[in-house]
Amino acid sequence: MENKAYRGHVLTLPYPSLGHINPLLQFSKRLVSKGLKATLATTLFIHNTMQPPSSSSLQFDTISDGYDEGGFAQAESIHAYLNRMETIGSKTLADLIIKNKNTANPIDCIIYDPFLPWALEVAKKFGIFGAAFFTQTCAVNFIYHHVHHGLLKLPITSTPISIPGLPVLELEDMPSFISVPGSYPAYFEMLLNQFSNSDKADAVLVNTFYELEPEAVDSMSKVCQLLAIGPTIPSFYLDKRLENDNDYGFNLFASDSSICNNWLNTKLEGSVIYLSFGSMASLSNKQMEELALALKGSKFHFLWVVKASEEAKLPEKFVEEAGNKGLVVQWCSQLEVLSNKAIGCFLTHCGWNSTLEALSLGVPMVGLPQWTDQTMNAKYVQDVWKVGVRAKVCENGIVEREEIDFCIKEVMEGERRKDFQKNAKKWRDLAIKAIREGGSSNKNIDEFVSKFINS
Ligand code: UDX
């Protein structure tokens with residue numbers, strides 16, 4: 001029998017992919033630090049296949065998406081996966097709530113990823129406080145909100161596009177589901193459906209911080225009472241004086257951080273390019289080749305995360321020929337790498353977690369967005385936050401080696417280098433301020449907790 005007195009028990013339910021699990025996991029830890037009990041529920045498949053954090057203040061439990069053996073890969077289509085997850089997920093989520101009912105700490109709040117809007121229906125059925133947790137930027141969510149409510153008609157026939165609180169946008173800046181009509185219709189529907197019942201949620205949380213996109217937050221707040229609570233990064237990486245919280249969360253693959261650290265520690269400050277394309281992206285053979293040749297021809301050191309599934313796309317003998325100039329690993333502790341002084345720039349696909357991590361750790365970027373929200377994030381990196389450049393794509397959809405070389409030089413040693421560094425430091429300082437006592441996100445988390453406790 002538990003005897004610790006908690007202020008409440010929150011169940012957090014992420015969409016089952018790494019880029020959605022870890023921000024919610026980090027947020028759950030912040031709630032624990034505010035005196036709540038928190039349980040993170042992943043699908044059984046994720047629970048059994050990803051590396052869970054070694055130490056954590058959280059509890060872990062599971063629901064089922066109906067694909068316990070193979071997860072998403074087992075489904076015949078995205079649509080089939082999402083439908084089955086809704087049916088089986090709703091039922092197993094309800095079972096989890098019932099299982100906890102007669103314990104010392106029954107679940108009294110569900111924070112769910114709005115990719116899974118049905119979780120709010122389950123919360124309502126049990127009379128439990130339900131909060132939506134948006135993983136992507138406020139700007140991106142506001143675009144989907146506009147489309148969902150018919151305020152932005154598709155297909156877009158005239159540009160530039162004007163949305164209150166957002167910079168003037170060209171088609172190429174829009175999330176890929178909008179700029180490339182008909183691409184991944186099931187995902188697009190899911191993104192729009194985030195707003196199918198969000199007006200009924202008891203709270204709406206967004207993984208950003210106010211200072212990063214004040215105009216977008218202010219504009220969206222007029223139509224939906226949202227609280228910006230980010231960055232959801234272990235406190236330790238933001239401020240080493242804060243609690244000893246350096247748990248990244250679930251890991252897709254095991255990695256030995258000493259390999260990267262030892263190698264980086266032999267390199268001069270700001271001399272290494274770090275490259276990673278997150279957990280989901282799969283680059284074309286041609287794109288991998290252009291990247292490899294750009295790195296080979298460049299004078300800078302590089303650390304490149306090439307997942308096992310991508311390795312065969314590297315040119316023959318690329319790794320051997322790189323010698324001490326480059327290190328290629330299958331996975332790394334990205335937060336540790338970005339925190340290393342040797343890193344001069346991050347060549348990234350601009351997934352929101354990677355972008356937020358680089359902003360929060362003060363690292364300039366080269367953006368090579370692939371799909372979904374990444375194009376918008378790259379737009380902000382270049383034109384709003386001014387911490388780097390976005391690489392230009394050729395008509396064949398590839399960023400060629402000359403462009404990669406140009407972008408890397410621009411960020412590593414170009415005339416604007418000092419400005420990128422100055423701005424990166426500014427965002428890092430603001431990120432730290434936002435999560436400290438009295439900071440904008442910290443206050444919003446307190447507001448959320450008191451709203452829930454007093455509900
Ligand atoms: C997905 C989408 O692609 C992204 O656009 C969306 O914003 C969130 O969900 P993903 O593609 O995995 O995420 O990218 P990203 O959001 O950047 O998340 C990747 C995470 O993996 C980061 O937190 C990063 O720190 C971590 N990572 C990556 C590692 O820990 N080690 C690595 O070697 C590479």
# chains A, B, ... in the order shown; residues from 1 in each chain; ligands from 1
>>> residues_near_ligand(ligand="ligand 1", cutoff="7 Å", atoms="only C-alpha atoms and all ligand atoms", output="ChimeraX atom specification")
/A:18-20,22,135-136,251,276-281,305,330-335,350-355,357,372-374
>>> write_last_selection(atoms="N, CA, C and O atoms", output="short mmCIF file (atom, residue, chain, number, x, y, z; two decimals), in the first residue's frame")
data_model
loop_
_atom_site.label_atom_id
_atom_site.label_comp_id
_atom_site.auth_asym_id
_atom_site.auth_seq_id
_atom_site.Cartn_x
_atom_site.Cartn_y
_atom_site.Cartn_z
N LEU A 18 8.45 7.83 -30.71
CA LEU A 18 9.44 8.42 -29.80
C LEU A 18 9.28 9.92 -29.62
O LEU A 18 9.33 10.44 -28.51
N GLY A 19 9.08 10.62 -30.77
CA GLY A 19 8.98 12.09 -30.73
C GLY A 19 7.75 12.58 -29.99
O GLY A 19 7.62 13.78 -29.72
N HIS A 20 6.84 11.68 -29.67
CA HIS A 20 5.66 12.07 -28.89
C HIS A 20 5.73 11.55 -27.46
O HIS A 20 5.19 12.16 -26.55
N ASN A 22 8.54 11.03 -25.51
CA ASN A 22 9.49 11.67 -24.59
C ASN A 22 9.08 13.06 -24.11
O ASN A 22 9.26 13.35 -22.93
N THR A 135 2.09 18.24 -29.10
CA THR A 135 3.54 18.02 -29.13
C THR A 135 4.26 19.02 -30.02
O THR A 135 5.43 19.30 -29.82
N GLN A 136 3.57 19.52 -31.06
CA GLN A 136 4.27 20.37 -32.03
C GLN A 136 4.11 21.86 -31.68
O GLN A 136 3.47 22.19 -30.70
N ASN A 251 14.35 5.15 -25.25
CA ASN A 251 15.31 5.21 -26.34
C ASN A 251 14.95 4.21 -27.40
O ASN A 251 14.55 3.09 -27.10
N SER A 276 21.64 14.58 -37.64
CA SER A 276 20.69 13.52 -37.28
C SER A 276 19.34 13.85 -37.90
O SER A 276 18.98 15.02 -38.03
N PHE A 277 18.61 12.81 -38.26
CA PHE A 277 17.30 13.00 -38.89
C PHE A 277 16.19 12.35 -38.05
O PHE A 277 15.16 11.94 -38.59
N GLY A 278 16.43 12.25 -36.74
CA GLY A 278 15.38 11.81 -35.83
C GLY A 278 15.07 10.33 -35.94
O GLY A 278 15.82 9.54 -36.51
N SER A 279 13.90 9.98 -35.39
CA SER A 279 13.59 8.55 -35.24
C SER A 279 12.84 7.98 -36.43
O SER A 279 12.81 6.77 -36.62
N MET A 280 12.21 8.83 -37.26
CA MET A 280 11.31 8.28 -38.28
C MET A 280 11.80 8.43 -39.71
O MET A 280 11.53 7.58 -40.55
N ALA A 281 12.50 9.53 -40.01
CA ALA A 281 12.82 9.84 -41.41
C ALA A 281 13.69 8.77 -42.06
O ALA A 281 14.57 8.19 -41.43
N VAL A 305 24.51 10.60 -37.07
CA VAL A 305 23.69 9.46 -36.63
C VAL A 305 23.04 8.85 -37.88
O VAL A 305 22.20 9.47 -38.52
N GLN A 330 24.99 4.70 -34.77
CA GLN A 330 23.59 4.33 -35.10
C GLN A 330 22.58 5.09 -34.25
O GLN A 330 21.43 5.23 -34.61
N TRP A 331 22.99 5.55 -33.10
CA TRP A 331 22.11 6.31 -32.20
C TRP A 331 23.02 6.96 -31.17
O TRP A 331 24.15 6.49 -30.95
N CYS A 332 22.60 8.03 -30.57
CA CYS A 332 23.43 8.65 -29.53
C CYS A 332 22.52 9.31 -28.51
O CYS A 332 21.31 9.35 -28.69
N SER A 333 23.13 9.80 -27.44
CA SER A 333 22.36 10.62 -26.51
C SER A 333 22.43 12.03 -27.08
O SER A 333 23.41 12.74 -26.90
N GLN A 334 21.40 12.42 -27.82
CA GLN A 334 21.45 13.70 -28.54
C GLN A 334 21.63 14.89 -27.60
O GLN A 334 22.32 15.84 -27.94
N LEU A 335 21.02 14.83 -26.45
CA LEU A 335 21.15 15.95 -25.52
C LEU A 335 22.59 16.11 -25.04
O LEU A 335 23.09 17.22 -24.93
N CYS A 350 14.79 19.03 -38.51
CA CYS A 350 13.89 19.99 -37.86
C CYS A 350 12.63 19.34 -37.29
O CYS A 350 11.55 19.97 -37.28
N GLY A 351 12.72 18.09 -36.85
CA GLY A 351 11.66 17.52 -36.02
C GLY A 351 11.53 18.46 -34.82
O GLY A 351 12.52 19.08 -34.41
N TRP A 352 10.35 18.59 -34.27
CA TRP A 352 10.18 19.61 -33.23
C TRP A 352 11.04 19.34 -32.00
O TRP A 352 11.59 20.27 -31.40
N ASN A 353 11.19 18.09 -31.61
CA ASN A 353 12.02 17.84 -30.42
C ASN A 353 13.47 18.23 -30.68
O ASN A 353 14.09 18.89 -29.84
N SER A 354 14.00 17.85 -31.84
CA SER A 354 15.39 18.19 -32.14
C SER A 354 15.56 19.71 -32.20
O SER A 354 16.54 20.26 -31.69
N THR A 355 14.61 20.39 -32.82
CA THR A 355 14.70 21.84 -32.95
C THR A 355 14.66 22.51 -31.57
O THR A 355 15.46 23.39 -31.26
N GLU A 357 15.36 21.14 -28.75
CA GLU A 357 16.57 20.80 -28.00
C GLU A 357 17.72 21.72 -28.41
O GLU A 357 18.45 22.25 -27.57
N THR A 372 5.97 16.64 -42.81
CA THR A 372 5.10 17.06 -41.70
C THR A 372 5.44 18.49 -41.21
O THR A 372 5.57 19.39 -42.03
N ASP A 373 5.60 18.70 -39.91
CA ASP A 373 5.82 20.05 -39.38
C ASP A 373 7.22 20.58 -39.62
O ASP A 373 7.52 21.73 -39.32
N GLN A 374 8.11 19.73 -40.14
CA GLN A 374 9.53 20.10 -40.18
C GLN A 374 9.80 21.31 -41.06
O GLN A 374 10.71 22.10 -40.80
#
>>> residues_around(residues="Ala75 in chain A", least_positions_apart="5", cutoff="12 Å", atoms="only C-alpha atoms", output="ChimeraX atom specification")
/A:65-70,80-85
>>> residues_around(residues="range 385-394 of chain A", least_positions_apart="2", cutoff="9 Å", atoms="only C-alpha atoms", output="compact mmCIF listing (two decimals) with all heavy atoms, in the first residue's frame")
# COMPACT_ATOMS: atom_id res chain seq x y z
N LEU A 212 9.20 31.99 -27.33
CA LEU A 212 9.60 31.50 -28.66
C LEU A 212 8.63 31.92 -29.74
O LEU A 212 9.03 32.17 -30.87
CB LEU A 212 9.61 29.96 -28.66
CG LEU A 212 10.89 29.19 -28.52
CD1 LEU A 212 10.65 27.73 -28.82
CD2 LEU A 212 12.00 29.73 -29.40
N CYS A 345 27.52 23.18 -35.13
CA CYS A 345 26.20 23.31 -35.75
C CYS A 345 25.51 21.96 -35.84
O CYS A 345 26.16 20.91 -35.79
CB CYS A 345 26.31 24.02 -37.10
SG CYS A 345 26.12 23.05 -38.56
N LEU A 359 17.53 24.70 -29.79
CA LEU A 359 17.24 26.07 -29.33
C LEU A 359 17.56 26.19 -27.84
O LEU A 359 18.16 27.16 -27.39
CB LEU A 359 15.77 26.41 -29.55
CG LEU A 359 15.32 26.70 -30.98
CD1 LEU A 359 13.80 26.65 -31.09
CD2 LEU A 359 15.83 28.07 -31.45
N GLY A 362 21.27 26.13 -27.20
CA GLY A 362 22.03 27.20 -27.85
C GLY A 362 22.89 26.76 -29.02
O GLY A 362 24.01 27.24 -29.19
N VAL A 363 22.39 25.84 -29.84
CA VAL A 363 23.18 25.33 -30.97
C VAL A 363 22.59 25.82 -32.30
O VAL A 363 21.43 25.54 -32.61
CB VAL A 363 23.20 23.78 -30.97
CG1 VAL A 363 24.06 23.25 -32.12
CG2 VAL A 363 23.71 23.25 -29.64
N PRO A 364 23.38 26.55 -33.14
CA PRO A 364 22.88 26.98 -34.46
C PRO A 364 22.59 25.77 -35.36
O PRO A 364 23.15 24.68 -35.16
CB PRO A 364 24.04 27.80 -35.03
CG PRO A 364 24.86 28.20 -33.85
CD PRO A 364 24.71 27.08 -32.85
N MET A 365 21.70 25.98 -36.35
CA MET A 365 21.23 24.83 -37.14
C MET A 365 21.30 25.06 -38.65
O MET A 365 21.20 26.18 -39.12
CB MET A 365 19.76 24.54 -36.80
CG MET A 365 19.56 23.89 -35.46
SD MET A 365 17.79 23.83 -35.01
CE MET A 365 17.67 25.22 -33.91
N VAL A 366 21.42 23.93 -39.37
CA VAL A 366 21.13 23.89 -40.81
C VAL A 366 19.91 22.99 -40.92
O VAL A 366 19.93 21.85 -40.46
CB VAL A 366 22.30 23.27 -41.61
CG1 VAL A 366 21.89 23.05 -43.06
CG2 VAL A 366 23.54 24.15 -41.53
N GLY A 367 18.84 23.49 -41.54
CA GLY A 367 17.60 22.71 -41.62
C GLY A 367 17.48 21.98 -42.96
O GLY A 367 17.60 22.60 -44.02
N LEU A 368 17.26 20.70 -42.88
CA LEU A 368 16.96 19.89 -44.09
C LEU A 368 15.64 19.17 -43.82
O LEU A 368 15.60 17.96 -43.60
CB LEU A 368 18.06 18.84 -44.30
CG LEU A 368 18.88 18.94 -45.59
CD1 LEU A 368 19.98 19.96 -45.38
CD2 LEU A 368 19.51 17.60 -45.92
N PRO A 369 14.53 19.95 -43.80
CA PRO A 369 13.26 19.34 -43.42
C PRO A 369 12.83 18.26 -44.40
O PRO A 369 13.09 18.38 -45.60
CB PRO A 369 12.29 20.52 -43.43
CG PRO A 369 12.91 21.54 -44.32
CD PRO A 369 14.39 21.36 -44.18
N THR A 375 9.01 21.47 -42.13
CA THR A 375 9.19 22.62 -43.03
C THR A 375 8.92 23.94 -42.28
O THR A 375 9.66 24.91 -42.43
CB THR A 375 8.23 22.48 -44.21
OG1 THR A 375 7.00 21.94 -43.74
CG2 THR A 375 8.79 21.54 -45.27
N ALA A 378 11.72 24.67 -39.89
CA ALA A 378 12.90 25.17 -40.60
C ALA A 378 12.72 26.65 -40.97
O ALA A 378 13.65 27.44 -40.92
CB ALA A 378 13.14 24.33 -41.85
N LYS A 379 11.50 27.01 -41.36
CA LYS A 379 11.18 28.41 -41.67
C LYS A 379 11.47 29.29 -40.44
O LYS A 379 12.07 30.34 -40.53
CB LYS A 379 9.70 28.50 -42.07
CG LYS A 379 9.05 29.84 -41.96
CD LYS A 379 9.39 30.70 -43.15
CE LYS A 379 8.77 32.10 -43.02
NZ LYS A 379 9.31 33.00 -44.02
N TYR A 380 11.00 28.82 -39.28
CA TYR A 380 11.21 29.60 -38.05
C TYR A 380 12.70 29.66 -37.68
O TYR A 380 13.18 30.69 -37.22
CB TYR A 380 10.39 28.99 -36.89
CG TYR A 380 9.01 29.59 -36.77
CD1 TYR A 380 8.03 29.36 -37.72
CD2 TYR A 380 8.68 30.41 -35.70
CE1 TYR A 380 6.77 29.92 -37.61
CE2 TYR A 380 7.41 30.98 -35.57
CZ TYR A 380 6.45 30.72 -36.53
OH TYR A 380 5.20 31.28 -36.41
N VAL A 381 13.41 28.54 -37.87
CA VAL A 381 14.86 28.51 -37.56
C VAL A 381 15.56 29.63 -38.34
O VAL A 381 16.35 30.40 -37.80
CB VAL A 381 15.47 27.13 -37.93
CG1 VAL A 381 16.99 27.20 -38.03
CG2 VAL A 381 15.05 26.08 -36.89
N GLN A 382 15.21 29.74 -39.62
CA GLN A 382 15.90 30.71 -40.46
C GLN A 382 15.37 32.14 -40.29
O GLN A 382 16.14 33.06 -40.09
CB GLN A 382 15.76 30.28 -41.93
CG GLN A 382 16.43 31.26 -42.90
CD GLN A 382 16.36 30.77 -44.33
OE1 GLN A 382 17.24 30.04 -44.78
NE2 GLN A 382 15.33 31.15 -45.04
N ASP A 383 14.05 32.30 -40.35
CA ASP A 383 13.51 33.66 -40.48
C ASP A 383 12.94 34.26 -39.20
O ASP A 383 12.77 35.47 -39.13
CB ASP A 383 12.39 33.67 -41.55
CG ASP A 383 12.93 33.32 -42.92
OD1 ASP A 383 14.13 33.56 -43.15
OD2 ASP A 383 12.16 32.81 -43.76
N ASN A 396 14.33 18.06 -58.16
CA ASN A 396 14.21 16.60 -57.99
C ASN A 396 13.98 16.20 -56.52
O ASN A 396 14.03 15.03 -56.17
CB ASN A 396 15.45 15.89 -58.55
CG ASN A 396 16.72 16.33 -57.84
OD1 ASN A 396 16.66 17.14 -56.91
ND2 ASN A 396 17.86 15.82 -58.26
N GLY A 397 13.79 17.20 -55.66
CA GLY A 397 13.49 16.91 -54.26
C GLY A 397 14.74 16.68 -53.40
O GLY A 397 14.63 16.37 -52.21
N ILE A 398 15.91 16.85 -54.01
CA ILE A 398 17.16 16.58 -53.29
C ILE A 398 17.86 17.89 -52.93
O ILE A 398 17.80 18.86 -53.68
CB ILE A 398 18.11 15.76 -54.22
CG1 ILE A 398 17.46 14.43 -54.61
CG2 ILE A 398 19.49 15.56 -53.61
CD1 ILE A 398 17.31 13.43 -53.50
N VAL A 399 18.51 17.90 -51.78
CA VAL A 399 19.41 19.01 -51.46
C VAL A 399 20.80 18.56 -51.90
O VAL A 399 21.33 17.57 -51.39
CB VAL A 399 19.41 19.34 -49.95
CG1 VAL A 399 20.36 20.49 -49.67
CG2 VAL A 399 18.00 19.67 -49.47
N GLU A 400 21.36 19.27 -52.86
CA GLU A 400 22.62 18.81 -53.46
C GLU A 400 23.82 19.18 -52.60
O GLU A 400 23.76 20.07 -51.76
CB GLU A 400 22.74 19.37 -54.87
CG GLU A 400 21.67 18.76 -55.76
CD GLU A 400 21.74 19.20 -57.20
OE1 GLU A 400 22.28 20.30 -57.46
OE2 GLU A 400 21.25 18.45 -58.06
N GLU A 403 24.91 22.82 -52.12
CA GLU A 403 24.04 23.58 -51.22
C GLU A 403 24.32 23.20 -49.75
O GLU A 403 24.36 24.07 -48.88
CB GLU A 403 22.56 23.31 -51.58
CG GLU A 403 21.53 23.85 -50.63
CD GLU A 403 21.45 25.38 -50.58
OE1 GLU A 403 22.13 26.04 -51.37
OE2 GLU A 403 20.71 25.89 -49.70
N ILE A 404 24.53 21.91 -49.52
CA ILE A 404 24.83 21.46 -48.15
C ILE A 404 26.13 22.12 -47.69
O ILE A 404 26.23 22.67 -46.59
CB ILE A 404 24.93 19.92 -48.08
CG1 ILE A 404 23.58 19.29 -48.46
CG2 ILE A 404 25.36 19.46 -46.68
CD1 ILE A 404 23.64 17.80 -48.72
N PHE A 406 27.47 24.86 -48.81
CA PHE A 406 27.25 26.30 -48.62
C PHE A 406 26.61 26.58 -47.25
O PHE A 406 27.05 27.45 -46.50
CB PHE A 406 26.36 26.83 -49.75
CG PHE A 406 25.91 28.23 -49.54
CD1 PHE A 406 26.76 29.30 -49.79
CD2 PHE A 406 24.63 28.50 -49.03
CE1 PHE A 406 26.34 30.61 -49.56
CE2 PHE A 406 24.21 29.81 -48.80
CZ PHE A 406 25.06 30.87 -49.06
N CYS A 407 25.57 25.80 -46.93
CA CYS A 407 24.85 26.02 -45.66
C CYS A 407 25.75 25.76 -44.45
O CYS A 407 25.73 26.52 -43.47
CB CYS A 407 23.62 25.12 -45.58
SG CYS A 407 22.33 25.57 -46.73
N ILE A 408 26.52 24.68 -44.56
CA ILE A 408 27.41 24.35 -43.43
C ILE A 408 28.41 25.49 -43.21
O ILE A 408 28.62 25.94 -42.08
CB ILE A 408 28.15 23.01 -43.72
CG1 ILE A 408 27.17 21.84 -43.57
CG2 ILE A 408 29.33 22.85 -42.78
CD1 ILE A 408 27.77 20.50 -44.00
N GLU A 410 28.13 28.58 -44.07
CA GLU A 410 27.40 29.76 -43.61
C GLU A 410 27.25 29.75 -42.08
O GLU A 410 27.44 30.75 -41.42
CB GLU A 410 26.02 29.69 -44.29
CG GLU A 410 25.27 30.93 -44.55
CD GLU A 410 25.99 32.07 -45.22
OE1 GLU A 410 27.07 31.87 -45.82
OE2 GLU A 410 25.48 33.18 -45.09
N VAL A 411 26.91 28.56 -41.55
CA VAL A 411 26.66 28.48 -40.10
C VAL A 411 27.96 28.29 -39.31
O VAL A 411 28.10 28.81 -38.21
CB VAL A 411 25.64 27.35 -39.80
CG1 VAL A 411 25.41 27.19 -38.31
CG2 VAL A 411 24.31 27.65 -40.49
N ARG A 416 27.50 35.55 -40.96
CA ARG A 416 26.39 35.60 -40.00
C ARG A 416 26.59 34.69 -38.79
O ARG A 416 25.74 34.60 -37.93
CB ARG A 416 25.08 35.24 -40.72
CG ARG A 416 24.66 36.30 -41.72
CD ARG A 416 23.33 35.97 -42.34
NE ARG A 416 23.41 34.84 -43.26
CZ ARG A 416 22.37 34.14 -43.69
NH1 ARG A 416 21.17 34.42 -43.25
NH2 ARG A 416 22.52 33.15 -44.56
N ARG A 417 27.72 33.98 -38.77
CA ARG A 417 28.00 33.03 -37.68
C ARG A 417 27.78 33.65 -36.29
O ARG A 417 27.11 33.08 -35.44
CB ARG A 417 29.46 32.54 -37.82
CG ARG A 417 30.02 31.80 -36.61
CD ARG A 417 29.91 30.33 -36.76
NE ARG A 417 30.26 29.59 -35.56
CZ ARG A 417 29.53 28.59 -35.10
NH1 ARG A 417 28.42 28.23 -35.68
NH2 ARG A 417 29.92 27.93 -34.04
N ASP A 419 26.02 36.20 -35.43
CA ASP A 419 24.61 36.49 -35.15
C ASP A 419 23.86 35.21 -34.79
O ASP A 419 23.05 35.19 -33.86
CB ASP A 419 23.94 37.12 -36.39
CG ASP A 419 24.42 38.54 -36.61
OD1 ASP A 419 24.87 39.15 -35.62
OD2 ASP A 419 24.36 39.00 -37.76
N PHE A 420 24.13 34.13 -35.53
CA PHE A 420 23.48 32.85 -35.21
C PHE A 420 23.81 32.44 -33.78
O PHE A 420 22.95 32.01 -33.02
CB PHE A 420 23.92 31.75 -36.18
CG PHE A 420 23.48 31.96 -37.61
CD1 PHE A 420 24.27 31.51 -38.67
CD2 PHE A 420 22.27 32.57 -37.91
CE1 PHE A 420 23.87 31.68 -39.99
CE2 PHE A 420 21.86 32.75 -39.23
CZ PHE A 420 22.67 32.31 -40.27
N GLN A 421 25.09 32.61 -33.42
CA GLN A 421 25.50 32.19 -32.07
C GLN A 421 24.85 33.07 -31.01
O GLN A 421 24.40 32.58 -29.98
CB GLN A 421 27.03 32.28 -31.95
CG GLN A 421 27.74 31.12 -32.62
CD GLN A 421 29.25 31.27 -32.54
OE1 GLN A 421 29.78 32.37 -32.67
NE2 GLN A 421 29.92 30.16 -32.35
N LYS A 422 24.83 34.35 -31.30
CA LYS A 422 24.22 35.31 -30.33
C LYS A 422 22.74 34.98 -30.14
O LYS A 422 22.24 34.92 -29.01
CB LYS A 422 24.40 36.73 -30.87
CG LYS A 422 24.16 37.80 -29.83
CD LYS A 422 24.44 39.17 -30.38
CE LYS A 422 23.17 39.68 -31.03
NZ LYS A 422 23.25 40.68 -32.00
N ASN A 423 22.06 34.74 -31.25
CA ASN A 423 20.63 34.42 -31.14
C ASN A 423 20.41 33.08 -30.45
O ASN A 423 19.49 32.93 -29.65
CB ASN A 423 19.98 34.42 -32.53
CG ASN A 423 19.93 35.80 -33.13
OD1 ASN A 423 19.89 36.79 -32.40
ND2 ASN A 423 19.97 35.89 -34.45
N ALA A 424 21.26 32.10 -30.77
CA ALA A 424 21.12 30.77 -30.15
C ALA A 424 21.27 30.91 -28.63
O ALA A 424 20.52 30.31 -27.85
CB ALA A 424 22.16 29.81 -30.72
N TRP A 427 18.05 32.34 -27.13
CA TRP A 427 16.95 31.38 -26.95
C TRP A 427 17.25 30.41 -25.82
O TRP A 427 16.35 30.02 -25.07
CB TRP A 427 16.66 30.63 -28.26
CG TRP A 427 16.20 31.57 -29.33
CD1 TRP A 427 16.81 31.81 -30.52
CD2 TRP A 427 15.04 32.43 -29.29
NE1 TRP A 427 16.10 32.77 -31.23
CE2 TRP A 427 15.02 33.16 -30.50
CE3 TRP A 427 14.03 32.66 -28.35
CZ2 TRP A 427 14.04 34.09 -30.79
CZ3 TRP A 427 13.05 33.59 -28.63
CH2 TRP A 427 13.05 34.29 -29.84
>>> closest_residue(among="A:Ile445, A:Ile432, A:Leu268, A:Leu327", to="Glu211 in chain A", atoms="only C-alpha atoms")
A:Ile432
>>> residues_around(residues="Ala312 in chain A", least_positions_apart="6", cutoff="10 Å", atoms="only C-alpha atoms", output="PyMOL selection string")
chain A and resi 285+288+306
>>> closest_residue(among="A:Leu227, A:Val204, A:Ala123, A:Leu151", to="Lys443 in chain A", atoms="only C-alpha atoms")
A:Leu227
>>> select_by_dssp(residues="range 221-425 of chain A", states="alpha helix (DSSP H)", output="PyMOL selection string")
chain A and resi 221+235-238+257-264+285-297+318-322+334-339+352-361+374-379+401-412+417-425
>>> residues_around(residues="Ala292 in chain A", least_positions_apart="5", cutoff="12 Å", atoms="only C-alpha atoms", output="short mmCIF file (atom, residue, chain, number, x, y, z; two decimals) with C-alpha atoms, in the first residue's frame")
data_model
loop_
_atom_site.label_atom_id
_atom_site.label_comp_id
_atom_site.auth_asym_id
_atom_site.auth_seq_id
_atom_site.Cartn_x
_atom_site.Cartn_y
_atom_site.Cartn_z
CA LEU A 275 23.85 15.43 -38.15
CA ASN A 285 19.87 6.88 -51.47
CA LYS A 286 20.65 10.00 -53.51
CA GLN A 287 20.15 12.32 -50.53
CA GLY A 297 34.63 17.50 -49.19
CA SER A 298 34.21 19.73 -46.15
CA PHE A 302 31.30 15.57 -38.27
CA LEU A 303 29.30 13.26 -36.04
CA TRP A 304 26.49 11.62 -38.01
CA VAL A 306 22.89 6.91 -39.34
CA GLU A 311 23.53 2.36 -43.23
CA LYS A 313 22.72 3.92 -48.25
CA LEU A 314 26.16 5.28 -47.35
CA PRO A 315 28.72 5.28 -50.17
CA GLU A 316 31.12 2.35 -50.04
CA LYS A 317 34.05 2.81 -47.61
CA PHE A 318 32.60 6.15 -46.46
CA VAL A 319 33.17 5.39 -42.78
CA GLU A 321 37.73 6.89 -45.45
CA ALA A 322 36.38 9.45 -43.00
CA GLY A 326 34.09 11.83 -38.86
CA VAL A 328 29.19 7.62 -37.65
CA VAL A 399 19.41 19.01 -51.46
CA GLU A 400 22.62 18.81 -53.46
CA ARG A 401 26.12 18.61 -52.03
CA GLU A 402 27.04 22.19 -53.09
CA ILE A 404 24.83 21.46 -48.15
CA ASP A 405 28.42 22.69 -48.27
#
>>> residues_around(residues="Phe60 in chain A", least_positions_apart="2", cutoff="7 Å", atoms="only C-alpha atoms", output="PyMOL selection string")
chain A and resi 39-41+58
>>> residues_around(residues="Phe177 in chain A", least_positions_apart="6", cutoff="12 Å", atoms="only C-alpha atoms", output="list in words")
Val140, Ile143, Tyr144, Val147, Leu154, Pro155, Ile156, Leu171, Ser183, Tyr184, Pro185, Ala186, Tyr187, Phe188, Glu189, Met190, Leu191, Leu192, Gln370, Trp371, Thr372, Asp373, Gln374, Thr375 and Met376 of chain A
>>> write_last_selection(atoms="C-alpha atoms", output="CSV table (one decimal), in the first residue's frame")
chain,number,residue,atom,x,y,z
A,140,VAL,CA,1.9,24.5,-36.7
A,143,ILE,CA,-2.5,26.2,-39.1
A,144,TYR,CA,-4.2,22.9,-38.6
A,147,VAL,CA,-7.8,24.2,-41.8
A,154,LEU,CA,-7.3,23.8,-49.4
A,155,PRO,CA,-5.8,23.5,-51.9
A,156,ILE,CA,-4.0,26.7,-51.4
A,171,LEU,CA,3.6,27.2,-49.8
A,183,SER,CA,0.3,13.0,-49.2
A,184,TYR,CA,-0.5,10.7,-46.3
A,185,PRO,CA,-4.2,11.5,-46.1
A,186,ALA,CA,-4.7,9.4,-43.0
A,187,TYR,CA,-2.1,11.3,-41.1
A,188,PHE,CA,-3.4,14.6,-42.3
A,189,GLU,CA,-6.9,13.7,-41.1
A,190,MET,CA,-5.4,12.7,-37.7
A,191,LEU,CA,-3.7,16.1,-37.5
A,192,LEU,CA,-6.9,18.0,-38.3
A,370,GLN,CA,11.7,16.1,-44.7
A,371,TRP,CA,8.0,16.2,-44.1
A,372,THR,CA,5.1,17.1,-41.7
A,373,ASP,CA,5.8,20.0,-39.4
A,374,GLN,CA,9.5,20.1,-40.2
A,375,THR,CA,9.2,22.6,-43.0
A,376,MET,CA,7.5,25.2,-40.7
>>> select_by_dssp(residues="range 50-219 of chain A", states="strand (DSSP E or B)", output="PyMOL selection string")
chain A and resi 51+59-63+109-112+129-134+161+169+203-206
>>> atom_distance(atom1="CA of Ile107 in chain A", atom2="CA of Glu121 in chain A")
15.1 Å
>>> atom_distance(atom1="CA of Gly270 in chain A", atom2="CA of Lys433 in chain A")
24.4 Å
>>> atom_distance(atom1="CA of Arg428 in chain A", atom2="CA of Ser235 in chain A")
12.5 Å
>>> closest_residue(among="A:Asn105, A:Ser221, A:Ser271, A:Ser28", to="Met412 in chain A", atoms="only C-alpha atoms")
A:Ser271
